[in-house]
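Pasting structure.cif here (mmCIF, C-alpha atoms and all ligand atoms):
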```
data_upload
#
loop_
_atom_site.label_atom_id
_atom_site.label_comp_id
_atom_site.auth_asym_id
_atom_site.auth_seq_id
_atom_site.Cartn_x
_atom_site.Cartn_y
_atom_site.Cartn_z
CA MET Y 7 0.00 0.00 0.00
CA THR Y 8 1.25 3.50 -0.79
CA ASP Y 9 1.74 6.03 1.97
CA PRO Y 10 -1.33 8.10 2.74
CA LEU Y 11 -1.34 11.67 1.46
CA ILE Y 12 -2.38 12.97 4.88
CA HIS Y 13 -1.67 11.17 8.12
CA ALA Y 14 -2.71 12.30 11.58
CA HIS Y 15 -1.13 10.32 14.39
CA ASP Y 16 -2.14 10.51 18.06
CA VAL Y 17 -3.31 14.10 17.74
CA THR Y 18 -4.55 15.89 20.84
CA LEU Y 19 -5.83 19.41 21.16
CA ALA Y 20 -7.67 21.19 23.96
CA PHE Y 21 -9.35 24.57 23.98
CA GLY Y 22 -8.50 25.67 27.51
CA GLU Y 23 -10.07 23.00 29.70
CA THR Y 24 -12.09 21.48 26.87
CA PRO Y 25 -10.41 18.51 25.18
CA ALA Y 26 -11.46 18.54 21.52
CA LEU Y 27 -9.13 15.85 20.16
CA ARG Y 28 -7.76 12.98 22.25
CA GLY Y 29 -5.42 10.81 20.27
CA ALA Y 30 -7.07 11.07 16.86
CA GLU Y 31 -5.72 8.82 14.09
CA LEU Y 32 -6.60 9.35 10.49
CA ALA Y 33 -5.12 8.52 7.14
CA VAL Y 34 -6.34 10.01 3.89
CA GLU Y 35 -5.28 8.36 0.64
CA ALA Y 36 -4.37 10.45 -2.40
CA GLY Y 37 -7.35 10.90 -4.68
CA GLU Y 38 -9.99 9.65 -2.29
CA VAL Y 39 -13.08 11.46 -1.08
CA LEU Y 40 -13.28 10.89 2.67
CA ALA Y 41 -16.35 11.79 4.73
CA VAL Y 42 -15.67 12.65 8.38
CA MET Y 43 -18.83 12.02 10.37
CA GLY Y 44 -19.79 12.03 14.03
CA PRO Y 45 -21.99 13.70 16.60
CA SER Y 46 -22.02 17.44 17.19
CA GLY Y 47 -19.07 18.53 19.32
CA SER Y 48 -17.12 15.32 18.71
CA GLY Y 49 -14.17 17.19 17.18
CA LYS Y 50 -14.76 16.94 13.41
CA SER Y 51 -14.08 20.58 12.60
CA THR Y 52 -11.12 20.69 14.96
CA LEU Y 53 -9.63 17.63 13.27
CA LEU Y 54 -10.16 19.16 9.83
CA HIS Y 55 -8.50 22.39 10.93
CA CYS Y 56 -5.51 20.42 12.24
CA LEU Y 57 -5.21 18.43 9.00
CA ALA Y 58 -5.35 21.66 7.01
CA GLY Y 59 -2.67 23.42 9.06
CA ILE Y 60 -5.09 25.99 10.45
CA LEU Y 61 -4.80 24.78 14.05
CA THR Y 62 -1.66 23.39 15.67
CA PRO Y 63 -2.17 20.26 17.79
CA ASP Y 64 -0.96 20.18 21.40
CA SER Y 65 0.72 16.86 20.68
CA GLY Y 66 0.89 14.23 17.96
CA GLU Y 67 1.91 14.46 14.34
CA ILE Y 68 0.32 15.57 11.10
CA ARG Y 69 2.02 14.59 7.86
CA PHE Y 70 1.16 15.83 4.42
CA ASP Y 71 2.82 14.15 1.47
CA GLY Y 72 5.33 12.56 3.82
CA ARG Y 73 6.34 15.84 5.46
CA ARG Y 74 5.50 16.93 9.01
CA ILE Y 75 3.34 20.03 8.94
CA ASP Y 76 2.31 20.33 12.59
CA ASN Y 77 5.63 21.88 13.56
CA LEU Y 78 5.94 24.34 10.67
CA GLY Y 79 6.04 28.07 11.34
CA GLU Y 80 3.01 30.22 10.60
CA GLN Y 81 4.50 31.56 7.37
CA GLU Y 82 5.27 28.10 5.98
CA ARG Y 83 1.85 26.86 6.97
CA SER Y 84 0.04 29.69 5.26
CA ALA Y 85 2.11 29.07 2.12
CA LEU Y 86 1.13 25.40 2.30
CA ARG Y 87 -2.56 26.27 2.65
CA ARG Y 88 -2.34 28.69 -0.25
CA ASP Y 89 -0.42 26.37 -2.60
CA SER Y 90 -1.80 22.95 -1.79
CA PHE Y 91 -5.19 23.25 -0.12
CA GLY Y 92 -8.63 24.54 -1.03
CA PHE Y 93 -11.46 25.24 1.39
CA VAL Y 94 -15.26 25.28 1.40
CA PHE Y 95 -17.21 25.98 4.56
CA GLN Y 96 -20.83 25.82 5.61
CA PHE Y 97 -21.47 29.40 4.71
CA GLY Y 98 -19.60 30.14 1.50
CA GLN Y 99 -17.67 32.97 3.12
CA LEU Y 100 -17.50 34.86 -0.13
CA VAL Y 101 -16.07 38.36 0.12
CA PRO Y 102 -19.19 40.54 -0.18
CA GLU Y 103 -17.38 43.47 -1.82
CA LEU Y 104 -16.14 41.30 -4.69
CA THR Y 105 -18.08 39.95 -7.65
CA ALA Y 106 -18.62 36.20 -7.97
CA GLU Y 107 -15.83 35.85 -10.54
CA GLU Y 108 -13.43 37.93 -8.42
CA ASN Y 109 -14.22 35.66 -5.48
CA VAL Y 110 -13.40 32.60 -7.56
CA ALA Y 111 -10.19 34.24 -8.84
CA LEU Y 112 -9.04 35.12 -5.32
CA PRO Y 113 -6.85 32.04 -4.65
CA LEU Y 114 -5.12 32.60 -8.01
CA LEU Y 115 -4.53 36.29 -7.30
CA LEU Y 116 -3.16 35.45 -3.85
CA GLY Y 117 -0.88 32.93 -5.52
CA GLY Y 118 0.57 35.72 -7.68
CA ARG Y 119 -1.35 35.16 -10.93
CA ARG Y 120 -1.97 38.27 -13.05
CA ARG Y 121 -5.46 39.64 -12.83
CA ALA Y 122 -6.57 39.10 -16.44
CA ALA Y 123 -5.37 35.50 -16.46
CA ALA Y 124 -6.87 34.79 -13.04
CA LEU Y 125 -10.26 36.17 -14.04
CA GLN Y 126 -10.24 34.24 -17.28
CA GLN Y 127 -9.57 30.99 -15.45
CA ALA Y 128 -12.17 31.85 -12.82
CA ARG Y 129 -14.79 32.46 -15.52
CA SER Y 130 -14.21 29.03 -17.04
CA TRP Y 131 -15.74 27.52 -13.88
CA PHE Y 132 -19.09 29.21 -14.22
CA PRO Y 133 -20.58 27.05 -17.00
CA LYS Y 134 -19.24 23.87 -15.36
CA LEU Y 135 -21.21 24.63 -12.21
CA GLY Y 136 -24.35 25.91 -13.90
CA LEU Y 137 -23.55 29.49 -12.93
CA ASP Y 138 -23.60 31.08 -16.39
CA GLY Y 139 -24.45 34.75 -16.30
CA LEU Y 140 -23.79 35.19 -12.59
CA GLU Y 141 -20.13 36.22 -12.98
CA ALA Y 142 -20.69 39.86 -12.06
CA ARG Y 143 -23.09 39.34 -9.14
CA ARG Y 144 -22.04 40.05 -5.58
CA SER Y 145 -22.62 37.44 -2.90
CA GLY Y 146 -25.69 39.26 -1.59
CA GLU Y 147 -27.30 38.78 -4.99
CA LEU Y 148 -26.88 35.00 -5.10
CA SER Y 149 -29.10 32.25 -3.67
CA GLY Y 150 -27.55 30.01 -1.02
CA GLY Y 151 -27.03 27.20 -3.50
CA GLN Y 152 -25.45 29.53 -6.07
CA ALA Y 153 -23.17 31.10 -3.46
CA GLN Y 154 -22.08 27.65 -2.36
CA ARG Y 155 -21.25 26.66 -5.94
CA VAL Y 156 -19.19 29.87 -6.30
CA ALA Y 157 -17.40 28.92 -3.07
CA LEU Y 158 -16.78 25.45 -4.52
CA ALA Y 159 -15.27 26.97 -7.67
CA ARG Y 160 -13.06 29.15 -5.47
CA GLY Y 161 -11.98 26.09 -3.48
CA LEU Y 162 -10.98 24.20 -6.62
CA VAL Y 163 -9.80 26.91 -9.02
CA ALA Y 164 -6.13 26.70 -8.03
CA GLU Y 165 -6.23 22.91 -8.48
CA PRO Y 166 -5.29 22.16 -4.87
CA ARG Y 167 -3.98 18.75 -3.85
CA VAL Y 168 -6.63 18.61 -1.12
CA LEU Y 169 -10.04 20.22 -0.78
CA PHE Y 170 -11.18 20.61 2.82
CA ALA Y 171 -14.93 21.02 3.13
CA ASP Y 172 -16.68 21.56 6.48
CA GLU Y 173 -20.45 21.01 6.19
CA PRO Y 174 -20.44 22.50 2.68
CA THR Y 175 -24.13 21.70 2.26
CA GLY Y 176 -25.16 22.38 5.86
CA ALA Y 177 -27.08 25.54 5.04
CA LEU Y 178 -28.83 24.17 1.95
CA ASP Y 179 -32.05 22.21 1.50
CA SER Y 180 -31.48 18.56 0.73
CA LEU Y 181 -31.99 18.70 -3.04
CA THR Y 182 -29.71 21.74 -3.47
CA GLY Y 183 -27.23 20.17 -1.08
CA GLU Y 184 -27.06 17.03 -3.17
CA GLN Y 185 -26.56 19.04 -6.35
CA VAL Y 186 -23.61 20.83 -4.74
CA MET Y 187 -22.19 17.47 -3.57
CA ASP Y 188 -22.61 15.96 -7.01
CA LEU Y 189 -20.61 18.84 -8.50
CA LEU Y 190 -18.03 18.77 -5.73
CA VAL Y 191 -17.34 15.07 -6.14
CA GLY Y 192 -17.53 15.27 -9.95
CA CYS Y 193 -15.01 18.14 -10.18
CA ALA Y 194 -12.70 16.69 -7.54
CA ARG Y 195 -12.57 13.32 -9.33
CA GLU Y 196 -11.99 15.02 -12.66
CA GLN Y 197 -8.95 16.92 -11.43
CA GLY Y 198 -7.76 14.20 -9.05
CA THR Y 199 -8.23 16.33 -5.94
CA THR Y 200 -8.31 14.55 -2.60
CA VAL Y 201 -11.32 15.62 -0.54
CA VAL Y 202 -11.81 15.68 3.24
CA LEU Y 203 -15.48 16.37 3.82
CA VAL Y 204 -16.98 16.96 7.26
CA THR Y 205 -20.70 16.22 7.42
CA HIS Y 206 -23.17 14.78 9.87
CA GLU Y 207 -25.61 13.90 7.08
CA ALA Y 208 -25.44 10.33 5.83
CA ARG Y 209 -26.93 11.21 2.46
CA ILE Y 210 -24.09 13.69 1.92
CA ALA Y 211 -21.46 11.28 3.25
CA ALA Y 212 -22.73 8.71 0.75
CA TYR Y 213 -21.06 10.73 -2.03
CA ALA Y 214 -17.66 9.91 -0.50
CA ASP Y 215 -15.56 6.79 -1.08
CA ARG Y 216 -15.57 5.92 2.61
CA GLU Y 217 -16.22 7.44 6.00
CA ALA Y 218 -14.35 8.00 9.22
CA ILE Y 219 -16.32 8.48 12.42
CA VAL Y 220 -15.14 10.91 15.09
CA ARG Y 221 -16.39 10.27 18.59
CA ASP Y 222 -15.15 12.05 21.71
CA GLY Y 223 -12.14 13.39 19.87
CA ARG Y 224 -11.10 10.04 18.44
CA ALA Y 225 -11.47 8.89 14.85
CA THR Y 226 -12.28 5.41 13.67
CA SER Y 227 -12.92 4.26 10.17
CA MET Y 228 -15.15 1.30 9.65
CA SER Y 229 -15.04 0.72 5.95
CA GLY Y 230 -12.89 1.15 2.89
CA ARG Y 231 -9.15 1.05 3.16
CA LEU Y 232 -7.24 0.68 6.40
CA THR Y 233 -6.26 3.89 8.04
CA SER Y 234 -3.42 3.31 10.40
CA MET P 23 -43.42 -6.13 -5.55
CA SER P 24 -46.62 -7.73 -6.75
CA VAL P 25 -45.93 -9.35 -10.12
CA PRO P 26 -49.59 -10.02 -11.08
CA LEU P 27 -50.67 -6.45 -10.34
CA THR P 28 -47.66 -5.00 -12.12
CA LEU P 29 -48.41 -7.09 -15.22
CA LEU P 30 -52.04 -5.96 -15.04
CA GLY P 31 -50.81 -2.36 -14.92
CA LEU P 32 -48.61 -2.90 -17.97
CA LEU P 33 -51.59 -4.45 -19.79
CA GLU P 34 -53.74 -1.49 -18.81
CA ARG P 35 -51.52 0.61 -21.13
CA GLU P 36 -52.09 -1.63 -24.13
CA PRO P 37 -52.67 -5.28 -25.03
CA SER P 38 -49.25 -6.92 -25.15
CA HIS P 39 -47.37 -10.12 -25.87
CA GLY P 40 -45.70 -11.99 -23.04
CA TYR P 41 -42.25 -10.96 -24.21
CA ASP P 42 -43.22 -7.25 -24.25
CA LEU P 43 -44.44 -7.58 -20.68
CA LYS P 44 -41.23 -9.26 -19.59
CA ARG P 45 -39.10 -6.62 -21.33
CA ASP P 46 -40.96 -3.72 -19.69
CA TYR P 47 -41.10 -5.41 -16.32
CA ASP P 48 -37.35 -6.01 -16.39
CA ALA P 49 -36.64 -2.44 -17.53
CA PHE P 50 -38.71 -0.68 -14.89
CA PHE P 51 -39.20 -3.09 -12.01
CA GLY P 52 -36.69 -5.93 -12.40
CA ARG P 53 -33.70 -4.10 -10.90
CA GLY P 54 -31.18 -6.76 -11.79
CA LYS P 55 -33.64 -9.58 -11.07
CA PRO P 56 -35.24 -10.32 -14.45
CA LEU P 57 -38.59 -12.04 -14.41
CA PRO P 58 -38.24 -15.60 -15.78
CA PHE P 59 -40.39 -16.28 -18.84
CA GLY P 60 -41.92 -19.22 -17.00
CA GLN P 61 -43.21 -16.90 -14.29
CA VAL P 62 -44.60 -14.45 -16.84
CA TYR P 63 -46.68 -17.14 -18.51
CA ALA P 64 -47.70 -18.83 -15.26
CA THR P 65 -48.90 -15.46 -13.93
CA LEU P 66 -50.75 -14.63 -17.15
CA GLY P 67 -52.33 -18.10 -17.01
CA ARG P 68 -53.68 -17.46 -13.50
CA LEU P 69 -54.90 -13.99 -14.46
CA ALA P 70 -56.75 -15.53 -17.43
CA ARG P 71 -58.23 -18.26 -15.23
CA ASP P 72 -59.55 -15.59 -12.83
CA GLY P 73 -61.04 -13.57 -15.67
CA LYS P 74 -58.66 -10.62 -15.29
CA VAL P 75 -57.14 -10.97 -18.74
CA VAL P 76 -58.21 -12.68 -21.94
CA VAL P 77 -55.92 -14.27 -24.45
CA GLY P 78 -56.23 -13.17 -28.06
CA GLU P 79 -56.13 -15.47 -31.08
CA PRO P 80 -52.63 -16.54 -32.13
CA GLU P 81 -51.34 -14.18 -34.81
CA ALA P 82 -49.67 -15.15 -38.07
CA GLY P 83 -45.91 -15.30 -37.85
CA ASP P 84 -43.14 -17.67 -36.93
CA GLY P 85 -42.15 -16.65 -33.37
CA PRO P 86 -43.20 -18.90 -30.51
CA ASP P 87 -45.06 -16.10 -28.73
CA ARG P 88 -47.88 -15.02 -31.00
CA LYS P 89 -50.63 -14.41 -28.46
CA ARG P 90 -51.64 -11.02 -27.24
CA TYR P 91 -53.07 -10.55 -23.73
CA VAL P 92 -55.86 -8.05 -23.08
CA ILE P 93 -56.97 -6.77 -19.65
CA THR P 94 -60.67 -7.26 -18.75
CA GLU P 95 -63.03 -4.98 -16.83
CA THR P 96 -62.44 -7.12 -13.70
CA GLY P 97 -58.69 -6.89 -14.13
CA ALA P 98 -58.80 -3.14 -14.71
CA THR P 99 -60.97 -2.59 -11.62
CA GLU P 100 -58.66 -4.67 -9.45
CA PHE P 101 -55.68 -2.74 -10.73
CA GLU P 102 -57.30 0.68 -10.17
CA ASP P 103 -58.27 -0.28 -6.60
CA TRP P 104 -54.75 -1.44 -5.84
CA LEU P 105 -53.23 1.71 -7.32
CA ARG P 106 -55.33 4.01 -5.13
CA GLU P 107 -54.85 2.05 -1.90
CA PRO P 108 -52.02 3.42 0.29
CA VAL P 109 -49.44 0.87 1.37
CA ALA P 110 -49.56 0.04 5.08
CA ALA P 111 -47.25 2.43 6.94
CA GLU P 112 -45.24 -0.18 8.77
CA PRO P 113 -43.92 1.20 12.04
CA HIS P 114 -41.74 -1.83 12.79
CA LEU P 115 -39.90 -2.13 9.52
CA GLN P 116 -36.54 -2.83 11.13
CA THR P 117 -37.34 -4.58 14.38
CA VAL P 118 -34.40 -6.85 13.75
CA LEU P 119 -32.02 -3.97 14.47
CA PHE P 120 -33.83 -3.31 17.73
CA SER P 121 -33.84 -7.00 18.70
CA LYS P 122 -30.13 -7.31 18.09
CA VAL P 123 -29.33 -4.32 20.29
CA VAL P 124 -31.53 -5.47 23.16
CA LEU P 125 -30.30 -9.06 22.99
CA ALA P 126 -26.68 -7.91 22.87
CA LEU P 127 -27.25 -5.81 26.00
CA MET P 128 -29.08 -8.66 27.79
CA LEU P 129 -26.26 -11.07 27.06
CA GLY P 130 -23.52 -8.61 27.92
CA ARG P 131 -22.23 -8.54 24.33
CA ASP P 132 -20.81 -5.50 22.60
CA ALA P 133 -23.90 -3.66 21.38
CA GLU P 134 -21.87 -0.63 20.35
CA LEU P 135 -19.70 -2.74 18.09
CA TYR P 136 -22.84 -4.14 16.51
CA LEU P 137 -24.21 -0.62 15.93
CA ASP P 138 -20.89 0.46 14.44
CA THR P 139 -20.81 -2.42 11.97
CA GLN P 140 -24.47 -1.87 11.15
CA ARG P 141 -23.79 1.81 10.53
CA ALA P 142 -20.90 0.91 8.22
CA ALA P 143 -23.10 -1.57 6.33
CA HIS P 144 -25.84 1.03 5.92
CA LEU P 145 -23.38 3.66 4.73
CA LYS P 146 -21.85 1.23 2.27
CA ARG P 147 -25.26 0.54 0.75
CA MET P 148 -25.98 4.27 0.69
CA ARG P 149 -22.78 4.83 -1.28
CA GLU P 150 -23.83 2.17 -3.79
CA LEU P 151 -27.27 3.74 -4.18
CA THR P 152 -25.72 7.19 -4.55
CA GLU P 153 -23.47 5.87 -7.31
CA ILE P 154 -26.54 4.45 -9.07
CA LYS P 155 -28.17 7.81 -8.68
CA ARG P 156 -25.21 9.68 -10.12
CA SER P 157 -24.73 7.41 -13.11
CA GLY P 158 -28.28 6.42 -14.01
CA GLY P 159 -31.42 8.05 -15.29
CA LEU P 160 -34.27 9.62 -13.35
CA VAL P 161 -36.16 6.33 -12.87
CA ASP P 162 -33.11 4.73 -11.25
CA ALA P 163 -32.49 7.88 -9.23
CA LEU P 164 -36.00 7.92 -7.78
CA LEU P 165 -35.81 4.29 -6.74
CA ALA P 166 -32.34 4.79 -5.28
CA ASP P 167 -33.60 7.83 -3.35
CA HIS P 168 -36.39 5.78 -1.83
CA GLY P 169 -33.80 3.34 -0.51
CA LEU P 170 -31.53 6.17 0.62
CA PHE P 171 -34.22 7.86 2.70
CA HIS P 172 -35.09 4.58 4.42
CA LEU P 173 -31.48 3.80 5.19
CA GLU P 174 -30.98 7.33 6.43
CA SER P 175 -33.83 7.01 8.90
CA ASP P 176 -32.38 3.72 10.17
CA LEU P 177 -29.07 5.49 10.61
CA ARG P 178 -30.64 8.24 12.65
CA TRP P 179 -32.11 5.59 14.88
CA ILE P 180 -28.70 3.87 15.08
CA ASP P 181 -27.01 7.13 16.12
CA LEU P 182 -29.68 7.90 18.69
CA THR P 183 -29.46 4.38 20.12
CA ALA P 184 -25.65 4.53 20.24
CA ALA P 185 -25.91 7.77 22.21
CA ARG P 186 -28.34 6.18 24.68
CA LEU P 187 -26.70 2.78 24.97
CA ASP P 188 -25.63 3.10 28.61
CA ALA P 189 -29.11 4.13 29.74
CA LEU P 190 -30.65 1.37 27.67
CA ALA P 191 -28.26 -1.21 29.16
CA ALA P 192 -29.31 -0.15 32.66
CA GLU P 193 -32.97 -0.43 31.70
CA VAL P 194 -32.53 -3.89 30.20
CA ALA P 195 -30.57 -5.13 33.24
CA LYS P 196 -33.36 -4.00 35.61
CA ARG P 197 -35.99 -6.29 34.13
N1 LIG T 1 -12.62 27.99 19.38
C1 LIG T 1 -13.02 27.19 20.37
N2 LIG T 1 -12.93 27.56 21.65
C2 LIG T 1 -13.31 26.73 22.66
N3 LIG T 1 -13.83 25.51 22.48
C3 LIG T 1 -13.96 25.08 21.20
C4 LIG T 1 -13.58 25.89 20.10
N4 LIG T 1 -13.82 25.20 18.96
C5 LIG T 1 -14.35 24.01 19.34
N5 LIG T 1 -14.42 23.93 20.69
C6 LIG T 1 -14.90 22.77 21.48
O1 LIG T 1 -14.20 21.62 21.01
C7 LIG T 1 -15.06 20.50 20.90
C8 LIG T 1 -15.06 19.99 19.47
O2 LIG T 1 -15.60 20.99 18.64
P1 LIG T 1 -15.73 20.85 17.06
O3 LIG T 1 -16.12 22.20 16.54
O4 LIG T 1 -14.48 20.26 16.52
O5 LIG T 1 -16.94 19.82 16.94
P2 LIG T 1 -17.72 19.30 15.64
O6 LIG T 1 -17.62 17.82 15.65
O7 LIG T 1 -17.22 20.02 14.43
O8 LIG T 1 -19.21 19.73 15.98
P3 LIG T 1 -20.39 20.24 14.99
O9 LIG T 1 -20.94 19.02 14.31
O10 LIG T 1 -21.39 20.79 15.96
O11 LIG T 1 -19.83 21.26 14.07
C9 LIG T 1 -16.42 20.98 21.39
O12 LIG T 1 -16.55 20.63 22.73
C10 LIG T 1 -16.35 22.48 21.23
O13 LIG T 1 -17.15 23.12 22.18
MG MG T 2 -18.11 21.43 13.09
#
```
For this file, write the structure as structure tokens.
Ligand SMILES: Nc1ncnc2c1ncn2[C@@H]1O[C@H](COP(=O)(O)OP(=O)(O)OP(=O)(O)O)[C@@H](O)[C@H]1O
Ligand SMILES: [Mg+2]
Amino acid sequence: MTDPLIHAHDVTLAFGETPALRGAELAVEAGEVLAVMGPSGSGKSTLLHCLAGILTPDSGEIRFDGRRIDNLGEQERSALRRDSFGFVFQFGQLVPELTAEENVALPLLLGGRRRAAALQQARSWFPKLGLDGLEARRSGELSGGQAQRVALARGLVAEPRVLFADEPTGALDSLTGEQVMDLLVGCAREQGTTVVLVTHEARIAAYADREAIVRDGRATSMSGRLTS
Amino acid sequence: MSVPLTLLGLLEREPSHGYDLKRDYDAFFGRGKPLPFGQVYATLGRLARDGKVVVGEPEAGDGPDRKRYVITETGATEFEDWLREPVAAEPHLQTVLFSKVVLALMLGRDAELYLDTQRAAHLKRMRELTEIKRSGGLVDALLADHGLFHLESDLRWIDLTAARLDALAAEVAKR
């Protein structure tokens, strides 16, 4: 078996007195879509933030592509997030002052791409996601489902190695949520992006290749490939 | 799935040969379990005996299956009645899950492990149905969705039960 793309080993993290992760183990294979499930407050988002280099664990190790990332400095970690990771959250978190296409282009602009080229690449995502004609809208002028598809385009536009998605359909009705998932999984598979998807909804998790369950700050995976 | 009533429904569209009925049954209702020809003709034979269909005269031609079946008034009425009648809303669809949990607790076995493996089995099936939904047409998608919603409700029960397992164990031990 090849080494996992992301490997969390014995990760603990507490917020003050509250333990959020207690010895979490997780392995994510390159190219897979992994659903992270579990009850509210079990530590799913915290685990995702650790895997993505947003939070630093109190102890344990996080490896990405064979390299330890938990002990990197803030500058290196933000470079890693910018160059290798994409993000989609429950509420799209689009920048309200920017148009939809500028929002999508943002990761490219932050990565140093010239504006015209970045916008051109951003625009190419709109037909793919059924967003034709919405390029110039601001986030306040989009429906929840449309805003979430714009956020998805923004998460994938820079062709990240990994897309981290935390309840990306949590604010949508179930039909719209499934349409967003269908696009997310379709696009990720097409460009070979690994996906770590946090959701508590089984119907959404069913779009993944396998699931890991987080309970009381520990992760177990019951099906699919072995994880440790 | 009631085969006789489904065949009656297909005949309600238009008089058909046995092989047309089999083809349409397999396409819409077979779901990987094609209806054997023997069962098609046995069913049509019983429907004819009960006056729900009549068999037309053999037609000219060289195939083996030259008879057309036509639905009767009795057959059509039975079909319409069945179509309107709601299916019993079964409240105990999955009592086997419940029985397994309670028995595991009574016998001091690992009920949580059982729930975890059951959850994994449900999720695995949900992934398969989702794949069918993503790759197939609308008819497949609707049927897959029906299965998905049922499995999802089981899963909610599984999660709730897992969360209450200690209290349930205490309750079971008391009796
Ligand atoms: N910034 C924070 N400050 C203090 N405590 C926090 C913080 N973030 C999370 N926690 C606590 O850490 C634990 C795990 O939280 P986390 O957000 O990872 O759960 P979750 O599984 O994502 O839950 P949900 O499904 O509700 O989003 C909880 O007890 C939570 O209250
Ligand atoms: Mg969360």
With 8 Å on each side, where is the centre of the axis-aligned box around all listed atoms of ligand LIG 1 (chain T), and how long are its edges in Å to one decimal, as JSON?
```
{"center_x": -17.0, "center_y": 22.9, "center_z": 18.4, "size_x": 24.8, "size_y": 26.2, "size_z": 24.7}
```
Name the residues, by chain letter and number, that sit within 8 Å of ligand MG 2 (chain T) using all atoms listed in the file, and give them as a ChimeraX atom specification.
/Y:46-47,49-52,172-173,204
Dump as a PDB file with C-alpha atoms, keeping the file's coordinate frame the residues of chain Y that approach chain P to within 12 Å, counting all atoms listed in the file.
```pdb
ATOM      1  CA  VAL Y  39     -13.080  11.460  -1.080  1.00  0.00           C
ATOM      2  CA  LEU Y  40     -13.280  10.890   2.670  1.00  0.00           C
ATOM      3  CA  ALA Y  41     -16.350  11.790   4.730  1.00  0.00           C
ATOM      4  CA  MET Y  43     -18.830  12.020  10.370  1.00  0.00           C
ATOM      5  CA  GLY Y  44     -19.790  12.030  14.030  1.00  0.00           C
ATOM      6  CA  PRO Y  45     -21.990  13.700  16.600  1.00  0.00           C
ATOM      7  CA  SER Y  46     -22.020  17.440  17.190  1.00  0.00           C
ATOM      8  CA  SER Y 180     -31.480  18.560   0.730  1.00  0.00           C
ATOM      9  CA  LEU Y 181     -31.990  18.700  -3.040  1.00  0.00           C
ATOM     10  CA  GLU Y 184     -27.060  17.030  -3.170  1.00  0.00           C
ATOM     11  CA  GLN Y 185     -26.560  19.040  -6.350  1.00  0.00           C
ATOM     12  CA  MET Y 187     -22.190  17.470  -3.570  1.00  0.00           C
ATOM     13  CA  ASP Y 188     -22.610  15.960  -7.010  1.00  0.00           C
ATOM     14  CA  LEU Y 189     -20.610  18.840  -8.500  1.00  0.00           C
ATOM     15  CA  VAL Y 191     -17.340  15.070  -6.140  1.00  0.00           C
ATOM     16  CA  GLY Y 192     -17.530  15.270  -9.950  1.00  0.00           C
ATOM     17  CA  HIS Y 206     -23.170  14.780   9.870  1.00  0.00           C
ATOM     18  CA  GLU Y 207     -25.610  13.900   7.080  1.00  0.00           C
ATOM     19  CA  ALA Y 208     -25.440  10.330   5.830  1.00  0.00           C
ATOM     20  CA  ARG Y 209     -26.930  11.210   2.460  1.00  0.00           C
ATOM     21  CA  ILE Y 210     -24.090  13.690   1.920  1.00  0.00           C
ATOM     22  CA  ALA Y 211     -21.460  11.280   3.250  1.00  0.00           C
ATOM     23  CA  ALA Y 212     -22.730   8.710   0.750  1.00  0.00           C
ATOM     24  CA  TYR Y 213     -21.060  10.730  -2.030  1.00  0.00           C
ATOM     25  CA  ALA Y 214     -17.660   9.910  -0.500  1.00  0.00           C
ATOM     26  CA  ASP Y 215     -15.560   6.790  -1.080  1.00  0.00           C
ATOM     27  CA  ARG Y 216     -15.570   5.920   2.610  1.00  0.00           C
ATOM     28  CA  GLU Y 217     -16.220   7.440   6.000  1.00  0.00           C
ATOM     29  CA  ALA Y 218     -14.350   8.000   9.220  1.00  0.00           C
ATOM     30  CA  ILE Y 219     -16.320   8.480  12.420  1.00  0.00           C
ATOM     31  CA  VAL Y 220     -15.140  10.910  15.090  1.00  0.00           C
ATOM     32  CA  ARG Y 221     -16.390  10.270  18.590  1.00  0.00           C
ATOM     33  CA  ASP Y 222     -15.150  12.050  21.710  1.00  0.00           C
ATOM     34  CA  THR Y 226     -12.280   5.410  13.670  1.00  0.00           C
ATOM     35  CA  SER Y 227     -12.920   4.260  10.170  1.00  0.00           C
ATOM     36  CA  MET Y 228     -15.150   1.300   9.650  1.00  0.00           C
ATOM     37  CA  SER Y 229     -15.040   0.720   5.950  1.00  0.00           C
ATOM     38  CA  GLY Y 230     -12.890   1.150   2.890  1.00  0.00           C
TER      39      GLY Y 230
END
```
Extract, using all atoms listed in the file, all DNA, RNA and protein residues at most 12 Å from Phe97 (chain Y), discarding same-chain residues fewer than 2 positions from it, and format them as a ChimeraX atom specification.
/Y:93-95,99-101,145,149-158,171-178
Calculated over all atoms listed in the file, which of the candidates P:Ala166, P:Leu187, P:Arg53, P:Lys89 has the smallest distance to Asp132 (chain P)?
P:Leu187
